[in-house]
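So this block is target_8.txt, compact mmCIF, C-alpha atoms:
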# COMPACT_ATOMS: atom_id res chain seq x y z
CA MET A 337 0.00 0.00 0.00
CA ILE A 338 1.15 3.52 -0.79
CA GLU A 339 0.11 6.02 1.87
CA GLY A 340 -0.86 9.59 1.11
CA THR A 341 -2.17 12.19 3.52
CA LEU A 342 -5.86 11.74 2.70
CA VAL A 343 -5.81 8.52 0.68
CA ASN A 344 -4.17 5.14 0.42
CA LEU A 345 -3.35 3.55 -2.92
CA ARG A 346 -3.72 -0.21 -2.94
CA PRO A 347 -3.53 -2.81 -5.74
CA GLN A 348 -6.62 -3.34 -7.88
CA GLU A 349 -8.45 -6.52 -6.91
CA VAL A 350 -10.78 -8.67 -9.00
CA SER A 351 -13.45 -7.81 -6.43
CA ASP A 352 -13.28 -4.17 -7.64
CA ALA A 353 -14.90 -5.20 -10.94
CA GLU A 354 -18.43 -4.20 -9.95
CA TRP A 355 -17.31 -0.82 -8.68
CA ASN A 356 -15.31 -0.34 -11.88
CA ALA A 357 -18.21 -1.37 -14.12
CA ARG A 358 -20.48 1.12 -12.39
CA TRP A 359 -17.90 3.93 -12.66
CA TRP A 360 -17.03 3.18 -16.27
CA ALA A 361 -20.70 3.28 -17.23
CA SER A 362 -21.19 6.75 -15.75
CA ALA A 363 -21.55 9.80 -17.99
CA ASP A 364 -18.74 11.45 -16.04
CA CYS A 365 -16.24 8.72 -16.72
CA LYS A 366 -17.07 8.79 -20.41
CA TRP A 367 -16.71 12.53 -20.66
CA PHE A 368 -13.55 12.95 -18.60
CA MET A 369 -11.76 9.65 -19.14
CA GLY A 370 -12.64 9.10 -22.79
CA ARG A 371 -14.53 5.86 -22.40
CA ARG A 372 -17.34 5.52 -24.90
CA TYR A 373 -19.04 2.17 -24.73
CA ASP A 374 -20.54 0.47 -21.69
CA SER A 375 -18.80 -2.70 -20.60
CA SER A 376 -20.68 -5.81 -19.61
CA LEU A 377 -19.90 -7.00 -16.12
CA SER A 378 -17.97 -9.92 -17.66
CA ALA A 379 -15.83 -7.51 -19.68
CA ALA A 380 -15.26 -5.38 -16.58
CA ILE A 381 -14.20 -8.48 -14.62
CA GLU A 382 -11.75 -9.36 -17.39
CA GLU A 383 -10.32 -5.84 -17.51
CA THR A 384 -10.09 -5.60 -13.74
CA ARG A 385 -8.37 -8.98 -13.61
CA GLU A 386 -5.77 -7.70 -16.08
CA ALA A 387 -5.12 -4.73 -13.80
CA ALA A 388 -5.02 -6.95 -10.70
CA VAL A 389 -2.77 -9.59 -12.25
CA PRO A 390 -0.78 -7.86 -15.01
CA ALA A 391 0.47 -10.00 -17.88
CA ALA A 392 4.06 -11.21 -17.65
CA GLY A 393 6.40 -8.47 -18.78
CA SER A 394 3.94 -5.67 -18.04
CA ARG A 395 5.37 -2.85 -15.96
CA ASP A 396 2.03 -1.11 -15.47
CA VAL A 397 1.02 -0.19 -11.94
CA TRP A 398 -2.78 -0.01 -11.46
CA LEU A 399 -4.08 1.06 -8.09
CA ALA A 400 -7.37 1.66 -6.34
CA ILE A 401 -7.75 4.90 -4.38
CA GLU A 402 -9.24 4.55 -0.90
CA THR A 403 -10.02 7.12 1.73
CA LYS A 404 -8.37 6.49 5.08
CA ASP A 405 -11.71 4.87 6.11
CA GLY A 406 -11.28 2.30 3.34
CA VAL A 407 -13.90 3.65 0.91
CA HIS A 408 -12.99 3.03 -2.73
CA ILE A 409 -13.28 6.42 -4.49
CA GLY A 410 -11.29 6.03 -7.70
CA ASN A 411 -8.45 4.48 -9.61
CA CYS A 412 -5.04 5.60 -10.72
CA GLY A 413 -1.95 4.21 -12.32
CA LEU A 414 1.41 4.58 -13.94
CA SER A 415 1.51 2.84 -17.30
CA GLU A 416 3.39 2.80 -20.59
CA VAL A 417 6.54 2.61 -18.50
CA SER A 418 9.74 2.92 -20.51
CA PRO A 419 12.66 1.71 -18.41
CA GLU A 420 15.23 3.13 -20.83
CA ASP A 421 13.68 6.59 -21.09
CA ARG A 422 12.70 6.30 -17.42
CA ARG A 423 9.25 7.69 -17.98
CA ALA A 424 5.65 6.65 -17.43
CA LYS A 425 2.16 7.96 -18.01
CA LEU A 426 0.00 8.89 -15.05
CA SER A 427 -3.74 8.33 -15.05
CA LEU A 428 -6.26 9.26 -12.43
CA SER A 429 -10.01 9.00 -12.11
CA LEU A 430 -12.03 10.02 -9.10
CA ALA A 431 -15.74 9.35 -8.80
CA GLU A 432 -18.26 11.76 -7.32
CA PRO A 433 -18.77 13.05 -4.73
CA GLU A 434 -15.17 12.82 -3.53
CA ARG A 435 -13.92 14.49 -6.68
CA ARG A 436 -15.60 17.69 -5.57
CA SER A 437 -14.16 17.52 -2.10
CA LYS A 438 -10.94 19.43 -1.95
CA GLY A 439 -7.65 17.73 -1.82
CA PHE A 440 -8.24 14.10 -2.82
CA GLY A 441 -7.02 14.44 -6.40
CA THR A 442 -4.02 16.49 -5.42
CA ASP A 443 -3.10 14.03 -2.70
CA VAL A 444 -3.35 11.12 -5.14
CA VAL A 445 -1.17 12.86 -7.73
CA ARG A 446 1.46 13.84 -5.17
CA THR A 447 1.52 10.35 -3.70
CA LEU A 448 1.77 8.66 -7.08
CA VAL A 449 4.42 11.07 -8.34
CA ARG A 450 6.53 10.50 -5.25
CA PHE A 451 6.23 6.74 -5.77
CA GLY A 452 7.19 7.11 -9.43
CA PHE A 453 10.30 9.15 -8.70
CA GLU A 454 11.42 7.72 -5.38
CA GLU A 455 10.58 4.05 -5.81
CA MET A 456 10.33 3.39 -9.56
CA ASN A 457 13.26 5.75 -10.17
CA LEU A 458 11.55 7.52 -13.07
CA HIS A 459 12.92 10.65 -14.71
CA ARG A 460 9.69 11.97 -16.24
CA ILE A 461 5.98 11.49 -15.55
CA GLU A 462 3.51 12.62 -18.17
CA LEU A 463 -0.23 12.61 -18.74
CA ASP A 464 -2.95 13.50 -21.23
CA VAL A 465 -6.00 15.51 -20.24
CA PHE A 466 -8.92 16.87 -22.26
CA GLU A 467 -8.93 20.67 -22.48
CA TYR A 468 -12.36 21.00 -20.87
CA ASN A 469 -11.31 19.08 -17.74
CA GLU A 470 -10.30 22.30 -16.02
CA ARG A 471 -10.44 20.98 -12.49
CA ALA A 472 -7.95 18.24 -13.35
CA ILE A 473 -5.64 20.65 -15.19
CA ALA A 474 -5.60 22.96 -12.16
CA CYS A 475 -4.81 20.02 -9.91
CA TYR A 476 -1.92 18.83 -12.11
CA ARG A 477 -0.56 22.36 -12.31
CA LYS A 478 -0.64 22.66 -8.54
CA CYS A 479 1.42 19.47 -8.37
CA GLY A 480 4.05 20.98 -10.67
CA PHE A 481 3.02 19.60 -14.05
CA VAL A 482 3.76 21.85 -17.01
CA GLU A 483 1.68 22.06 -20.19
CA GLU A 484 3.94 20.83 -22.97
CA ALA A 485 1.70 20.32 -25.96
CA ARG A 486 -1.81 20.80 -27.22
CA LEU A 487 -2.97 18.11 -29.60
CA ARG A 488 -5.49 19.96 -31.71
CA GLN A 489 -8.87 18.26 -32.16
CA ALA A 490 -7.50 14.97 -30.83
CA ARG A 491 -10.64 14.26 -28.83
CA TYR A 492 -14.16 13.90 -30.17
CA ALA A 493 -17.16 13.76 -27.88
CA ARG A 494 -20.66 15.22 -27.54
CA GLY A 495 -20.63 16.15 -31.21
CA VAL A 496 -17.48 18.22 -31.43
CA HIS A 497 -13.71 17.98 -31.50
CA HIS A 498 -11.71 19.12 -28.48
CA ASP A 499 -7.99 19.50 -27.86
CA THR A 500 -5.98 17.15 -25.69
CA ILE A 501 -3.32 18.67 -23.45
CA VAL A 502 -0.05 16.91 -22.70
CA MET A 503 1.46 17.76 -19.31
CA ALA A 504 4.59 16.47 -17.65
CA LEU A 505 6.73 16.73 -14.57
CA LEU A 506 10.48 16.15 -14.60
CA ARG A 507 12.20 14.70 -11.62
CA ASP A 508 14.70 17.54 -11.15
CA GLN A 509 11.98 20.17 -11.14
CA TRP A 510 9.88 18.15 -8.77
CA ARG A 511 12.80 17.79 -6.39
CA GLU A 512 13.58 21.52 -6.48
CA ALA A 513 9.98 22.46 -5.80
CA ARG A 514 9.78 20.39 -2.63
CA MET B 1474 -1.26 0.90 -54.53
CA ILE B 1475 -1.10 4.56 -53.50
CA GLU B 1476 0.64 6.69 -56.10
CA GLY B 1477 2.79 9.67 -55.23
CA ALA B 1478 4.85 11.80 -57.60
CA LEU B 1479 8.14 9.98 -56.90
CA VAL B 1480 7.05 6.89 -55.00
CA ASN B 1481 4.36 4.26 -54.83
CA LEU B 1482 3.09 2.85 -51.54
CA ARG B 1483 2.19 -0.83 -51.60
CA PRO B 1484 1.38 -3.45 -48.95
CA ARG B 1485 4.40 -5.02 -47.30
CA GLU B 1486 5.34 -8.50 -48.44
CA MET B 1487 7.27 -11.44 -47.01
CA ALA B 1488 9.78 -10.89 -49.80
CA ASP B 1489 10.84 -7.64 -48.04
CA VAL B 1490 11.97 -9.42 -44.91
CA GLU B 1491 15.74 -9.48 -45.37
CA ARG B 1492 15.89 -5.83 -46.29
CA ASN B 1493 13.74 -4.99 -43.28
CA ALA B 1494 15.95 -7.05 -40.98
CA ARG B 1495 19.00 -5.21 -42.30
CA TRP B 1496 17.38 -1.81 -41.74
CA SER B 1497 16.21 -2.79 -38.27
CA ALA B 1498 19.82 -3.52 -37.28
CA ASP B 1499 21.13 -0.15 -38.52
CA PRO B 1500 22.34 1.99 -35.55
CA GLU B 1501 21.57 5.20 -37.43
CA LEU B 1502 17.93 4.14 -37.84
CA HIS B 1503 17.78 3.16 -34.16
CA TRP B 1504 18.94 6.66 -33.30
CA LEU B 1505 16.36 8.30 -35.56
CA LEU B 1506 13.41 6.00 -34.84
CA GLY B 1507 13.87 4.95 -31.23
CA ASP B 1508 14.45 1.24 -31.58
CA ARG B 1509 17.16 -0.01 -29.27
CA TYR B 1510 17.62 -3.70 -29.69
CA ALA B 1511 18.56 -5.27 -33.00
CA ARG B 1512 16.15 -7.91 -34.23
CA SER B 1513 17.13 -11.40 -35.27
CA LEU B 1514 16.13 -12.48 -38.74
CA ALA B 1515 13.71 -14.91 -37.05
CA ALA B 1516 12.04 -12.09 -35.10
CA SER B 1517 11.85 -9.98 -38.25
CA GLU B 1518 10.24 -12.87 -40.10
CA ALA B 1519 7.69 -13.39 -37.37
CA SER B 1520 6.67 -9.73 -37.30
CA MET B 1521 6.73 -9.50 -41.11
CA ARG B 1522 4.43 -12.52 -41.33
CA GLU B 1523 2.02 -10.87 -38.92
CA ILE B 1524 2.03 -7.62 -40.89
CA ALA B 1525 1.83 -9.17 -44.35
CA SER B 1526 -0.79 -11.81 -43.56
CA LYS B 1527 -3.39 -9.24 -42.49
CA ALA B 1528 -5.33 -7.40 -45.15
CA THR B 1529 -4.70 -3.67 -45.33
CA ALA B 1530 -7.68 -2.06 -43.63
CA PHE B 1531 -8.73 0.97 -41.58
CA ASP B 1532 -6.74 -0.21 -38.55
CA HIS B 1533 -3.95 -1.96 -40.45
CA VAL B 1534 -2.04 0.32 -42.81
CA TRP B 1535 1.56 -0.89 -43.18
CA LEU B 1536 3.06 0.13 -46.49
CA ALA B 1537 6.34 -0.26 -48.33
CA ILE B 1538 7.74 2.76 -50.15
CA ASP B 1539 8.93 1.92 -53.68
CA THR B 1540 10.51 4.30 -56.17
CA LYS B 1541 8.72 4.44 -59.51
CA ASP B 1542 11.39 1.95 -60.74
CA GLY B 1543 10.27 -0.50 -58.09
CA VAL B 1544 13.20 -0.10 -55.68
CA HIS B 1545 12.06 -0.66 -52.09
CA ILE B 1546 13.59 2.23 -50.10
CA GLY B 1547 11.61 2.41 -46.86
CA ASN B 1548 8.33 1.87 -45.06
CA CYS B 1549 5.49 3.85 -43.58
CA ARG B 1550 2.44 3.11 -41.54
CA LEU B 1551 -0.61 4.57 -39.86
CA PHE B 1552 -1.26 3.25 -36.37
CA GLU B 1553 -3.38 3.86 -33.26
CA THR B 1554 -6.12 4.94 -35.63
CA SER B 1555 -9.28 6.03 -33.84
CA ALA B 1556 -12.56 5.75 -35.72
CA GLU B 1557 -14.41 8.05 -33.32
CA GLU B 1558 -11.71 10.70 -33.05
CA ARG B 1559 -10.93 10.28 -36.75
CA LYS B 1560 -7.22 10.53 -36.08
CA THR B 1561 -4.15 8.40 -36.59
CA LYS B 1562 -0.40 8.36 -36.02
CA LEU B 1563 2.16 8.35 -38.81
CA GLY B 1564 5.44 6.47 -38.79
CA ILE B 1565 7.83 6.61 -41.73
CA TRP B 1566 11.45 5.84 -42.49
CA ILE B 1567 13.69 5.76 -45.52
CA GLY B 1568 15.84 2.73 -44.78
CA ASP B 1569 18.11 3.05 -47.78
CA GLU B 1570 20.52 5.89 -47.03
CA ALA B 1571 21.11 6.68 -50.70
CA TYR B 1572 17.49 7.85 -50.99
CA ARG B 1573 17.47 10.26 -48.04
CA SER B 1574 17.34 14.06 -48.57
CA ARG B 1575 16.14 13.64 -52.13
CA GLY B 1576 12.42 14.28 -51.79
CA TYR B 1577 11.28 10.66 -51.55
CA GLY B 1578 10.37 10.94 -47.88
CA THR B 1579 8.40 14.14 -48.41
CA ASP B 1580 6.55 12.60 -51.33
CA ALA B 1581 5.72 9.51 -49.28
CA VAL B 1582 4.46 11.65 -46.36
CA ARG B 1583 2.21 13.61 -48.71
CA ALA B 1584 0.89 10.44 -50.34
CA ILE B 1585 0.03 8.64 -47.11
CA VAL B 1586 -1.44 11.71 -45.39
CA ARG B 1587 -3.56 12.48 -48.44
CA PHE B 1588 -4.75 8.89 -48.34
CA ALA B 1589 -5.61 9.29 -44.64
CA PHE B 1590 -7.72 12.38 -45.35
CA ASP B 1591 -9.20 11.65 -48.77
CA GLU B 1592 -9.82 7.92 -48.54
CA MET B 1593 -9.95 7.03 -44.84
CA ASN B 1594 -11.84 10.25 -44.07
CA LEU B 1595 -9.69 11.10 -41.06
CA ASN B 1596 -9.48 14.57 -39.53
CA ARG B 1597 -6.04 14.53 -37.89
CA VAL B 1598 -2.66 12.86 -38.45
CA GLU B 1599 -0.07 13.18 -35.69
CA LEU B 1600 3.47 12.04 -35.06
CA GLY B 1601 6.33 12.23 -32.61
CA VAL B 1602 9.88 12.99 -33.76
CA PHE B 1603 13.11 13.35 -31.79
CA ASP B 1604 14.33 16.95 -31.59
CA TYR B 1605 17.67 16.11 -33.21
CA ASN B 1606 16.03 14.63 -36.31
CA THR B 1607 16.00 17.99 -38.04
CA ARG B 1608 15.75 16.55 -41.54
CA ALA B 1609 12.50 14.82 -40.66
CA ILE B 1610 11.11 17.89 -38.88
CA ALA B 1611 11.85 20.07 -41.94
CA CYS B 1612 10.06 17.52 -44.13
CA TYR B 1613 6.96 17.45 -41.90
CA LEU B 1614 6.82 21.27 -41.74
CA LYS B 1615 7.00 21.39 -45.53
CA CYS B 1616 4.03 19.05 -45.70
CA GLY B 1617 1.94 21.29 -43.44
CA PHE B 1618 2.46 19.66 -40.05
CA VAL B 1619 2.42 22.10 -37.14
CA GLU B 1620 4.61 21.76 -34.07
CA GLU B 1621 2.06 21.33 -31.29
CA GLY B 1622 4.47 20.94 -28.43
CA ARG B 1623 7.51 19.28 -27.02
CA ARG B 1624 7.64 16.37 -24.60
CA ARG B 1625 10.71 17.40 -22.61
CA GLN B 1626 13.43 14.81 -22.10
CA ALA B 1627 11.14 11.98 -23.15
CA ARG B 1628 13.84 10.24 -25.17
CA TYR B 1629 17.06 8.79 -23.81
CA ALA B 1630 19.79 7.64 -26.16
CA ARG B 1631 23.54 7.87 -26.60
CA GLY B 1632 23.89 8.87 -22.96
CA ALA B 1633 21.61 11.91 -22.84
CA TYR B 1634 17.98 12.98 -22.73
CA TYR B 1635 16.30 14.61 -25.74
CA ASP B 1636 12.89 16.14 -26.38
CA VAL B 1637 10.21 14.54 -28.50
CA VAL B 1638 8.53 17.05 -30.80
CA VAL B 1639 4.81 16.44 -31.24
CA MET B 1640 3.43 17.47 -34.63
CA GLY B 1641 -0.04 17.28 -36.12
CA VAL B 1642 -1.76 18.11 -39.39
CA LEU B 1643 -5.50 18.64 -39.67
CA ARG B 1644 -7.64 18.01 -42.68
CA GLY B 1645 -7.23 20.97 -45.03
CA GLU B 1646 -3.72 21.81 -43.77
CA LEU B 1647 -1.80 19.34 -45.92
CA VAL B 1648 0.49 21.17 -48.32
CA VAL B 1649 0.41 19.15 -51.50
CA SER B 1650 2.94 21.00 -53.64
CA ARG B 1651 6.12 22.72 -52.61
What's the structure tokens form of this structure?
Amino acid sequence: MIEGTLVNLRPQEVSDAEWNARWWASADCKWFMGRRYDSSLSAAIEETREAAVPAAGSRDVWLAIETKDGVHIGNCGLSEVSPEDRRAKLSLSLAEPERRSKGFGTDVVRTLVRFGFEEMNLHRIELDVFEYNERAIACYRKCGFVEEARLRQARYARGVHHDTIVMALLRDQWREAR
Amino acid sequence: MIEGALVNLRPREMADVERNARWSADPELHWLLGDRYARSLAASEASMREIASKATAFDHVWLAIDTKDGVHIGNCRLFETSAEERKTKLGIWIGDEAYRSRGYGTDAVRAIVRFAFDEMNLNRVELGVFDYNTRAIACYLKCGFVEEGRRRQARYARGAYYDVVVMGVLRGELVVSR
């Protein structure tokens, strides 16, 4: 388990499948996380199992976010890990109503970033976020992430194209800011 | 076959395998494209078989670049194509050194991007290129790609970190003639 101030990050378990299926089917998850199609419970079980027991050779880290009282409020991960470039991609999703409560997202990002740099020995952590997800962008900025690129019209949803923003945090800058 | 002014793009064939294996062992191409580990002929054959045995389709565009005289000089492909976002990623390399800096690459980029827009009905083609690959960057700019950002220190090679330049071209931005 990785301990933050407000949250703990623990491995995904197969028993999280129902929670995941419910979250993935929500309008919020589709809009902010880019999911489009509902998953059957069987598909959600399969996908959750892959996160819980990664295939041999996978370096992905998929975690469930729990409050200190043990309530599952979201998921996060570091994936697409490149050991040579020493970088990984951060992902984070928080379900309502905790997303609105101050501090959970920021605590997750800080905790995960610290794990990435101090335990996985990464050099760079990056992420993609849709331009209209302003709350997330503000949270990443607060944690030190810098906007590096804007992929024009890379996202399509609700009838229109939107930009995708690439943000990243380098280890040296993170260390200096602490 | 997709016809350019200087090149034709055709599906990749098993007969290309030795040339591909030779290119995939070239340190200069590793430097420019990001491969690190040389492939055995057996591994090249296995991946070639996988590529060549699948019909070219919306999500499987792997093409060989031939001069008009039928000399195989390189390869290109569209990958991570999204039907909903109507976008794809472009990868291209001129394996045969004698054909670099002579307009073949630019012609191939124009031909495959035009195909992506005019036949596949895509809206966006994107790519990543290492900051030191100035020849490629100049070629993409000439074709109408826009630098959308820079993933700082995302590439490690030859003992140092380098940026990855993210470029994209939207439908209507492709520059067809010089």
Expected residue set, 12 Å radius at (7.8, -4.5, -17.2), all atoms listed in the file, as a list in words: Pro390, Ala391, Ala392, Gly393, Ser394, Arg395, Asp396, Val397, Leu414, Ser415, Glu416, Val417, Ser418, Pro419, Glu420, Arg422, Ala424 and Met456 of chain A
Include C-alpha atoms and write out the residues we just selected as a short mmCIF file (atom, residue, chain, number, x, y, z; two decimals), keeping the file's coordinate frame.
data_model
loop_
_atom_site.label_atom_id
_atom_site.label_comp_id
_atom_site.auth_asym_id
_atom_site.auth_seq_id
_atom_site.Cartn_x
_atom_site.Cartn_y
_atom_site.Cartn_z
CA PRO A 390 -0.78 -7.86 -15.01
CA ALA A 391 0.47 -10.00 -17.88
CA ALA A 392 4.06 -11.21 -17.65
CA GLY A 393 6.40 -8.47 -18.78
CA SER A 394 3.94 -5.67 -18.04
CA ARG A 395 5.37 -2.85 -15.96
CA ASP A 396 2.03 -1.11 -15.47
CA VAL A 397 1.02 -0.19 -11.94
CA LEU A 414 1.41 4.58 -13.94
CA SER A 415 1.51 2.84 -17.30
CA GLU A 416 3.39 2.80 -20.59
CA VAL A 417 6.54 2.61 -18.50
CA SER A 418 9.74 2.92 -20.51
CA PRO A 419 12.66 1.71 -18.41
CA GLU A 420 15.23 3.13 -20.83
CA ARG A 422 12.70 6.30 -17.42
CA ALA A 424 5.65 6.65 -17.43
CA MET A 456 10.33 3.39 -9.56
#
Chain A residues near chain B (12 Å cut-off, only C-alpha atoms) as a VMD selection string: chain A and resid 370 to 373 417 to 425 458 to 464 481 to 509
Shell around A:Ala388 at 9 Å using all atoms listed in the file, local window under 2 positions removed, as a ChimeraX atom specification: /A:347-350,383-386,390,398-399
Selected residue, from A:Asn411, A:Ser375, A:Thr403, A:Ser429, that lies nearest to A:Thr341 when counting only C-alpha atoms: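 Among the listed residues, the smallest separation from A:Thr341 belongs to A:Thr403.
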Straight-line distance linking atom CA of A:Trp367 with atom CA of A:Glu467, stated in Å to one decimal: 11.4 Å
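With atom CA of B:Val1602 on one side and atom CA of B:Leu1502 on the other, the separation reads 12.6 Å.
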Computed interatomic separation between atom CA of B:Leu1614 and atom CA of B:Ala1498 (Å): 28.3 Å
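If you measure from each of B:Leu1505, B:Arg1512, B:Asn1548, B:Ser1520 to B:Pro1484 using all atoms listed in the file, the closest one turns out to be B:Asn1548.
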Option closest in space to A:Asn356, from A:Ala387, A:Val343, A:Ala380, A:Ile409 [counting only C-alpha atoms]: A:Ala380
Supply stretch 337-358 of chain A as a PDB file, keeping the file's coordinate frame, with N, CA and C atoms built in where the input has gaps.
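For reference, part.pdb as written:
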ATOM      1  N   MET A 337       0.835  -1.200   0.000  1.00  0.00           N
ATOM      2  CA  MET A 337       0.000   0.000   0.000  1.00  0.00           C
ATOM      3  C   MET A 337       0.871   1.253   0.000  1.00  0.00           C
ATOM      4  N   ILE A 338       0.425   2.255  -0.761  1.00  0.00           N
ATOM      5  CA  ILE A 338       1.150   3.520  -0.790  1.00  0.00           C
ATOM      6  C   ILE A 338       0.312   4.538  -0.016  1.00  0.00           C
ATOM      7  N   GLU A 339       0.895   5.142   1.004  1.00  0.00           N
ATOM      8  CA  GLU A 339       0.110   6.020   1.870  1.00  0.00           C
ATOM      9  C   GLU A 339       0.267   7.479   1.487  1.00  0.00           C
ATOM     10  N   GLY A 340      -0.861   8.143   1.275  1.00  0.00           N
ATOM     11  CA  GLY A 340      -0.860   9.590   1.110  1.00  0.00           C
ATOM     12  C   GLY A 340      -1.334  10.230   2.405  1.00  0.00           C
ATOM     13  N   THR A 341      -1.674  11.503   2.317  1.00  0.00           N
ATOM     14  CA  THR A 341      -2.170  12.190   3.520  1.00  0.00           C
ATOM     15  C   THR A 341      -3.650  11.908   3.729  1.00  0.00           C
ATOM     16  N   LEU A 342      -4.412  11.938   2.619  1.00  0.00           N
ATOM     17  CA  LEU A 342      -5.860  11.740   2.700  1.00  0.00           C
ATOM     18  C   LEU A 342      -6.293  10.379   2.164  1.00  0.00           C
ATOM     19  N   VAL A 343      -5.426   9.771   1.366  1.00  0.00           N
ATOM     20  CA  VAL A 343      -5.810   8.520   0.680  1.00  0.00           C
ATOM     21  C   VAL A 343      -4.721   7.470   0.832  1.00  0.00           C
ATOM     22  N   ASN A 344      -5.129   6.237   0.604  1.00  0.00           N
ATOM     23  CA  ASN A 344      -4.170   5.140   0.420  1.00  0.00           C
ATOM     24  C   ASN A 344      -4.368   4.587  -0.979  1.00  0.00           C
ATOM     25  N   LEU A 345      -3.280   4.184  -1.601  1.00  0.00           N
ATOM     26  CA  LEU A 345      -3.350   3.550  -2.920  1.00  0.00           C
ATOM     27  C   LEU A 345      -3.003   2.083  -2.733  1.00  0.00           C
ATOM     28  N   ARG A 346      -3.947   1.231  -3.116  1.00  0.00           N
ATOM     29  CA  ARG A 346      -3.720  -0.210  -2.940  1.00  0.00           C
ATOM     30  C   ARG A 346      -3.908  -0.909  -4.290  1.00  0.00           C
ATOM     31  N   PRO A 347      -3.382  -2.117  -4.456  1.00  0.00           N
ATOM     32  CA  PRO A 347      -3.530  -2.810  -5.740  1.00  0.00           C
ATOM     33  C   PRO A 347      -5.003  -2.986  -6.110  1.00  0.00           C
ATOM     34  N   GLN A 348      -5.286  -2.984  -7.391  1.00  0.00           N
ATOM     35  CA  GLN A 348      -6.620  -3.340  -7.880  1.00  0.00           C
ATOM     36  C   GLN A 348      -6.861  -4.808  -7.548  1.00  0.00           C
ATOM     37  N   GLU A 349      -8.088  -5.133  -7.181  1.00  0.00           N
ATOM     38  CA  GLU A 349      -8.450  -6.520  -6.910  1.00  0.00           C
ATOM     39  C   GLU A 349      -9.581  -6.918  -7.854  1.00  0.00           C
ATOM     40  N   VAL A 350      -9.697  -8.201  -8.126  1.00  0.00           N
ATOM     41  CA  VAL A 350     -10.780  -8.670  -9.000  1.00  0.00           C
ATOM     42  C   VAL A 350     -12.134  -8.252  -8.413  1.00  0.00           C
ATOM     43  N   SER A 351     -12.187  -8.180  -7.088  1.00  0.00           N
ATOM     44  CA  SER A 351     -13.450  -7.810  -6.430  1.00  0.00           C
ATOM     45  C   SER A 351     -13.827  -6.340  -6.675  1.00  0.00           C
ATOM     46  N   ASP A 352     -12.934  -5.558  -7.302  1.00  0.00           N
ATOM     47  CA  ASP A 352     -13.280  -4.170  -7.640  1.00  0.00           C
ATOM     48  C   ASP A 352     -14.085  -4.082  -8.937  1.00  0.00           C
ATOM     49  N   ALA A 353     -14.292  -5.215  -9.601  1.00  0.00           N
ATOM     50  CA  ALA A 353     -14.900  -5.200 -10.940  1.00  0.00           C
ATOM     51  C   ALA A 353     -16.273  -4.518 -10.947  1.00  0.00           C
ATOM     52  N   GLU A 354     -17.086  -4.784  -9.938  1.00  0.00           N
ATOM     53  CA  GLU A 354     -18.430  -4.200  -9.950  1.00  0.00           C
ATOM     54  C   GLU A 354     -18.356  -2.684  -9.780  1.00  0.00           C
ATOM     55  N   TRP A 355     -17.491  -2.265  -8.873  1.00  0.00           N
ATOM     56  CA  TRP A 355     -17.310  -0.820  -8.680  1.00  0.00           C
ATOM     57  C   TRP A 355     -16.831  -0.197  -9.992  1.00  0.00           C
ATOM     58  N   ASN A 356     -15.851  -0.854 -10.616  1.00  0.00           N
ATOM     59  CA  ASN A 356     -15.310  -0.340 -11.880  1.00  0.00           C
ATOM     60  C   ASN A 356     -16.396  -0.266 -12.952  1.00  0.00           C
ATOM     61  N   ALA A 357     -17.178  -1.325 -13.078  1.00  0.00           N
ATOM     62  CA  ALA A 357     -18.210  -1.370 -14.120  1.00  0.00           C
ATOM     63  C   ALA A 357     -19.185  -0.212 -13.933  1.00  0.00           C
ATOM     64  N   ARG A 358     -19.547   0.045 -12.681  1.00  0.00           N
ATOM     65  CA  ARG A 358     -20.480   1.120 -12.390  1.00  0.00           C
ATOM     66  C   ARG A 358     -19.855   2.478 -12.757  1.00  0.00           C
TER      67      ARG A 358
END
